[in-house]
Amino acid sequence: MDNMNVTPMANRYTIGLFGRRNAGKSSLINALTGQDIAVTSGVAGTTTDPVYKTMELLPIGPIVFIDTAGLDDVGDLGKLRIEKTYEVLRKCNFAVVVADVKYGITPFEMDFIAELKQRKIPCICVLNKCDIGIPDSIDLEKMKESVKIPMVCASTLNKTGIDDIKKHIIANGDYEDVEPALVGDLIRPGEIAVLVTPIDKAAPKGRLILPQQQTIRDIIECDAVAMITKEHELKFTLEQLKTPPAIVITDSQAFLKVSADVPPNIPLTSFSILFARQKADLVEMVRGIKRIEQLKPGDKVLIAEGCTHHRQSDDIGKVKIPRWIRQIAGGEIEFEWSSGACYARDVSEYAVIVHCGGCMINRREMQYRVEKAREQGVYITNYGMLIAYVMGILPRALKPFPAASLALEKNDLL
């Protein structure tokens, strides 16, 4: 994000539109957003890739609507499109199931609604294209009873039912179940948090990276004070403060120098570890660190990032982390990489997954990734935790988080 006033996609309430091809999902998202953002036509399969549109929907606040390809797509390309649609489903806080009134509610929609319930994703059903006629009250009532979720009759042609859809999203969405704060429970109003933000060739020109932006915003919302410095100015910055800061938060790659310059009595952690706590499970990621200690030559490790970016010559995910892991294992380890929304359902072949902080993906998606690893007996950890471990300062970096700190001390986690 170039603008700190723009809510990042990962922090928006995510609403996906799902259904068969040509059910009118693209026309519906255009009507809901009041803009022609999705291409529409009478040809089945017009939408091939997810289409995102951000907006405000009060009282929810910042949201993102996502139009998806038809769940009944066919052929080899169709299978890939369906896979993309299910990738969207993983991150959804709410689902709108769109059905064509001409066909009504079929076993296809019923099966998908059952999957949404099994995944605990709040949802409604929209009976679309009702300009050709609305089912009589008896048939409509039978449909409502069969789906057992709220249903709205709508027509994008006549612009009817659109406001009712928004009202049902508001009424049935669990939007008050927000992400935990990044630092809100670690600082009190008026206290100072010092953020160490190296400016190097990987930093975007003219702006701070997203984790730094979001942390600053969270500190301000807590009525606390954010003080920003580079790693080489940190010692001088701390010396100028009359009162020690409540916490120092650093870019993980500056951990070693920052740890040396921050007195032991001042809590210290990293942006990456804060995001792992907010979006994932720190205790589970401590288990991942302990599993890395036991890697053997020939084991396979997945390095996962929630975004895509141009890799530098000494890239953290492509170069540094593999080098450190090979040094820990004392031999050759096989590495694979994933980025963005690409994340395999089957991760059972890996001994460990090392994930970035996840600032570009939402908590639901990150929780899905952690749970998939757990289900398949695969350990998962985090960039920041691995770097702190390699630098020999992981106990200090986890000290602000009692449960994770205690888990690190135990020897019976594996």
# chains A, B, ... in the order shown; residues from 1 in each chain; ligands from 1
>>> residues_around(residues="segment 285-295 of chain A", least_positions_apart="2", cutoff="6 Å", atoms="only C-alpha atoms", output="ChimeraX atom specification")
/A:282-283,329,379-381
>>> select_by_dssp(residues="segment 85-194 of chain A", states="helix (DSSP H, G or I)", output="MDAnalysis selection string")
chainID A and resid 85:91 107:118 130:132 137:147 162:172
>>> residues_around(residues="Pro59 of chain A", least_positions_apart="5", cutoff="12 Å", atoms="only C-alpha atoms", output="NGL selection string")
:A and (13 or 166-167 or 169-171 or 173-176)
>>> write_last_selection(atoms="C-alpha atoms", output="mmCIF file, in the first residue's frame")
data_model
loop_
_atom_site.group_PDB
_atom_site.id
_atom_site.type_symbol
_atom_site.label_atom_id
_atom_site.label_comp_id
_atom_site.auth_asym_id
_atom_site.auth_seq_id
_atom_site.Cartn_x
_atom_site.Cartn_y
_atom_site.Cartn_z
ATOM 1 C CA TYR A 13 -13.671 -8.128 5.931
ATOM 2 C CA LYS A 166 -26.128 -5.864 2.027
ATOM 3 C CA LYS A 167 -28.507 -5.851 4.989
ATOM 4 C CA ILE A 169 -24.493 -9.553 5.122
ATOM 5 C CA ILE A 170 -24.491 -7.046 7.972
ATOM 6 C CA ALA A 171 -27.078 -8.996 9.971
ATOM 7 C CA GLY A 173 -21.745 -11.610 9.347
ATOM 8 C CA ASP A 174 -19.469 -12.205 12.308
ATOM 9 C CA TYR A 175 -17.613 -8.970 11.593
ATOM 10 C CA GLU A 176 -17.120 -8.027 15.231
#
>>> select_by_dssp(residues="segment 162-376 of chain A", states="strand (DSSP E or B)", output="VMD selection string")
chain A and resid 192 to 196 225 to 229 247 to 250 268 to 270 300 to 305 334 to 339 352 to 355
>>> atom_distance(atom1="atom CA of Arg323 of chain A", atom2="atom CA of Gly357 of chain A")
19.3 Å
>>> residues_around(residues="Gly306 of chain A", least_positions_apart="4", cutoff="7 Å", atoms="only C-alpha atoms", output="list in words")
Ser339, Gly340, Ala341, Cys356, Gly358, Met360 and Ile361 of chain A
>>> residues_around(residues="Ile247 of chain A", least_positions_apart="5", cutoff="6 Å", atoms="only C-alpha atoms", output="JSON, numbers by chain")
{"A": [193, 267, 268]}
>>> closest_residue(among="A:Ala69, A:Leu408, A:Ile228, A:Ala99", to="Arg81 of chain A", atoms="only C-alpha atoms")
A:Ala69
>>> atom_distance(atom1="atom CA of Gln367 of chain A", atom2="atom CA of Ala276 of chain A")
10.2 Å
>>> residues_around(residues="segment 182-187 of chain A", least_positions_apart="2", cutoff="8 Å", atoms="only C-alpha atoms", output="short mmCIF file (atom, residue, chain, number, x, y, z; two decimals) with N, CA and C atoms, in the first residue's frame")
data_model
loop_
_atom_site.label_atom_id
_atom_site.label_comp_id
_atom_site.auth_asym_id
_atom_site.auth_seq_id
_atom_site.Cartn_x
_atom_site.Cartn_y
_atom_site.Cartn_z
N PRO A 180 -6.86 -10.11 16.54
CA PRO A 180 -6.22 -9.58 17.76
C PRO A 180 -5.31 -8.42 17.41
N PRO A 189 -1.63 3.41 27.09
CA PRO A 189 -1.69 4.78 26.57
C PRO A 189 -0.56 5.64 27.13
N GLU A 191 2.60 5.33 26.60
CA GLU A 191 3.92 4.67 26.57
C GLU A 191 4.51 4.75 25.17
N ILE A 192 5.82 4.54 25.11
CA ILE A 192 6.55 4.65 23.85
C ILE A 192 6.93 3.26 23.34
N ALA A 193 6.70 3.04 22.07
CA ALA A 193 7.21 1.85 21.38
C ALA A 193 8.22 2.33 20.34
N THR A 215 1.87 -1.63 12.17
CA THR A 215 2.25 -1.55 13.58
C THR A 215 2.14 -0.12 14.10
N ASP A 218 -1.48 0.61 14.72
CA ASP A 218 -1.98 -0.06 15.92
C ASP A 218 -1.53 0.67 17.19
N ILE A 219 -0.29 1.12 17.19
CA ILE A 219 0.23 1.88 18.35
C ILE A 219 -0.56 3.16 18.55
N CYS A 222 -3.86 2.77 20.09
CA CYS A 222 -3.77 2.48 21.53
C CYS A 222 -3.47 3.75 22.34
N ALA A 224 -0.82 5.32 22.27
CA ALA A 224 0.59 5.27 22.66
C ALA A 224 1.41 6.04 21.63
N ALA A 246 8.31 1.04 26.31
CA ALA A 246 7.60 -0.15 26.77
C ALA A 246 8.05 -1.38 25.99
N ILE A 247 8.48 -1.16 24.73
CA ILE A 247 8.93 -2.27 23.89
C ILE A 247 9.72 -1.72 22.71
N LEU A 274 5.32 -10.50 15.79
CA LEU A 274 4.04 -9.89 16.13
C LEU A 274 2.94 -10.36 15.17
N PHE A 275 3.26 -10.43 13.89
CA PHE A 275 2.27 -10.87 12.91
C PHE A 275 1.97 -12.36 13.05
N ARG A 277 1.93 -13.94 15.83
CA ARG A 277 1.03 -14.03 16.98
C ARG A 277 -0.38 -13.60 16.60
N GLN A 278 -0.50 -12.53 15.82
CA GLN A 278 -1.82 -12.01 15.47
C GLN A 278 -2.58 -12.95 14.53
N PRO A 400 8.09 -11.35 25.66
CA PRO A 400 6.84 -10.60 25.84
C PRO A 400 5.58 -11.46 25.75
#
>>> residues_around(residues="Val97 of chain A", least_positions_apart="4", cutoff="6 Å", atoms="only C-alpha atoms", output="PyMOL selection string")
chain A and resi 18-19+125
>>> write_last_selection(atoms="N, CA and C atoms", output="mmCIF file, in the first residue's frame")
data_model
loop_
_atom_site.group_PDB
_atom_site.id
_atom_site.type_symbol
_atom_site.label_atom_id
_atom_site.label_comp_id
_atom_site.auth_asym_id
_atom_site.auth_seq_id
_atom_site.Cartn_x
_atom_site.Cartn_y
_atom_site.Cartn_z
ATOM 1 N N PHE A 18 -19.960 -16.951 -4.763
ATOM 2 C CA PHE A 18 -19.719 -18.294 -5.295
ATOM 3 C C PHE A 18 -20.983 -18.839 -5.949
ATOM 4 N N GLY A 19 -20.800 -19.694 -6.935
ATOM 5 C CA GLY A 19 -21.945 -20.323 -7.589
ATOM 6 C C GLY A 19 -21.543 -20.943 -8.906
ATOM 7 N N CYS A 125 -27.835 -17.029 0.795
ATOM 8 C CA CYS A 125 -28.079 -17.486 -0.573
ATOM 9 C C CYS A 125 -28.838 -16.397 -1.317
#
>>> closest_residue(among="A:Thr68, A:Gln253, A:Thr33, A:Ser146", to="Gly104 of chain A", atoms="only C-alpha atoms")
A:Ser146
>>> atom_distance(atom1="atom CA of Ile249 of chain A", atom2="atom CA of Ser272 of chain A")
9.5 Å
>>> closest_residue(among="A:Leu302, A:Cys359, A:Thr106, A:Arg188", to="Met9 of chain A", atoms="only C-alpha atoms")
A:Cys359
>>> closest_residue(among="A:Gln240, A:Gly34, A:Thr269, A:Leu116", to="Phe401 of chain A", atoms="only C-alpha atoms")
A:Thr269
>>> decode(residues="segment 153-252 of chain A", atoms="C-alpha atoms", output="compact mmCIF listing (two decimals), in the first residue's frame")
# COMPACT_ATOMS: atom_id res chain seq x y z
CA CYS A 153 -34.43 -12.71 -4.22
CA ALA A 154 -32.57 -10.30 -6.47
CA SER A 155 -32.34 -8.96 -9.99
CA THR A 156 -29.32 -7.03 -11.19
CA LEU A 157 -31.29 -6.08 -14.29
CA ASN A 158 -34.06 -4.40 -12.27
CA LYS A 159 -31.70 -3.45 -9.41
CA THR A 160 -33.96 -5.17 -6.89
CA GLY A 161 -32.81 -6.98 -3.75
CA ILE A 162 -29.33 -5.40 -3.77
CA ASP A 163 -29.85 -3.43 -0.57
CA ASP A 164 -31.42 -6.51 1.03
CA ILE A 165 -28.26 -8.49 0.27
CA LYS A 166 -26.13 -5.86 2.03
CA LYS A 167 -28.51 -5.85 4.99
CA HIS A 168 -28.30 -9.65 5.27
CA ILE A 169 -24.49 -9.55 5.12
CA ILE A 170 -24.49 -7.05 7.97
CA ALA A 171 -27.08 -9.00 9.97
CA ASN A 172 -25.45 -12.41 9.55
CA GLY A 173 -21.75 -11.61 9.35
CA ASP A 174 -19.47 -12.21 12.31
CA TYR A 175 -17.61 -8.97 11.59
CA GLU A 176 -17.12 -8.03 15.23
CA ASP A 177 -14.77 -11.01 15.62
CA VAL A 178 -11.78 -8.91 14.62
CA GLU A 179 -8.13 -9.86 14.48
CA PRO A 180 -6.22 -9.58 17.76
CA ALA A 181 -4.22 -6.40 18.13
CA LEU A 182 -0.60 -6.39 17.06
CA VAL A 183 0.76 -4.55 20.11
CA GLY A 184 -2.34 -3.27 21.91
CA ASP A 185 -1.92 -5.61 24.87
CA LEU A 186 1.81 -4.90 25.17
CA ILE A 187 1.68 -1.13 25.66
CA ARG A 188 -0.49 1.31 27.58
CA PRO A 189 -1.69 4.78 26.57
CA GLY A 190 1.14 7.29 26.67
CA GLU A 191 3.92 4.67 26.57
CA ILE A 192 6.55 4.65 23.85
CA ALA A 193 7.21 1.85 21.38
CA VAL A 194 10.47 2.19 19.44
CA LEU A 195 10.34 0.72 15.94
CA VAL A 196 13.59 -0.17 14.21
CA THR A 197 13.11 0.10 10.46
CA PRO A 198 16.19 -0.48 8.31
CA ILE A 199 16.17 1.33 4.99
CA ASP A 200 17.97 -0.92 2.54
CA LYS A 201 17.66 -2.00 -1.08
CA ALA A 202 14.66 -4.20 -0.22
CA ALA A 203 12.69 -1.29 1.27
CA PRO A 204 10.17 0.32 -1.13
CA LYS A 205 11.34 3.74 -2.30
CA GLY A 206 9.56 6.57 -0.53
CA ARG A 207 7.55 4.50 1.94
CA LEU A 208 7.64 2.05 4.81
CA ILE A 209 6.88 -1.62 4.30
CA LEU A 210 3.40 -2.83 5.24
CA PRO A 211 4.23 -4.48 8.61
CA GLN A 212 5.79 -1.23 9.80
CA GLN A 213 2.79 0.79 8.61
CA GLN A 214 0.29 -1.48 10.32
CA THR A 215 2.25 -1.55 13.58
CA ILE A 216 2.43 2.25 13.68
CA ARG A 217 -1.33 2.44 13.12
CA ASP A 218 -1.98 -0.06 15.92
CA ILE A 219 0.23 1.88 18.35
CA ILE A 220 -1.56 5.13 17.53
CA GLU A 221 -4.95 3.49 18.04
CA CYS A 222 -3.77 2.48 21.53
CA ASP A 223 -3.07 6.18 22.31
CA ALA A 224 0.59 5.27 22.66
CA VAL A 225 3.61 6.83 20.96
CA ALA A 226 5.48 5.32 18.02
CA MET A 227 9.13 6.39 17.70
CA ILE A 228 10.86 5.35 14.46
CA THR A 229 14.59 4.91 13.98
CA LYS A 230 17.08 2.99 11.87
CA GLU A 231 19.24 0.32 13.46
CA HIS A 232 22.42 2.42 13.46
CA GLU A 233 20.66 5.29 15.27
CA LEU A 234 18.89 3.06 17.82
CA LYS A 235 21.44 3.35 20.61
CA PHE A 236 21.47 7.16 20.36
CA THR A 237 17.65 7.19 20.25
CA LEU A 238 17.34 5.16 23.44
CA GLU A 239 19.88 7.38 25.21
CA GLN A 240 17.74 10.45 24.47
CA LEU A 241 14.65 9.00 26.14
CA LYS A 242 14.02 10.05 29.73
CA THR A 243 11.83 6.97 30.24
CA PRO A 244 12.67 3.55 28.75
CA PRO A 245 10.25 2.46 26.01
CA ALA A 246 7.60 -0.15 26.77
CA ILE A 247 8.93 -2.27 23.89
CA VAL A 248 11.35 -2.24 20.97
CA ILE A 249 10.13 -3.82 17.73
CA THR A 250 12.63 -4.48 14.98
CA ASP A 251 12.90 -5.82 11.49
CA SER A 252 14.03 -9.42 12.03
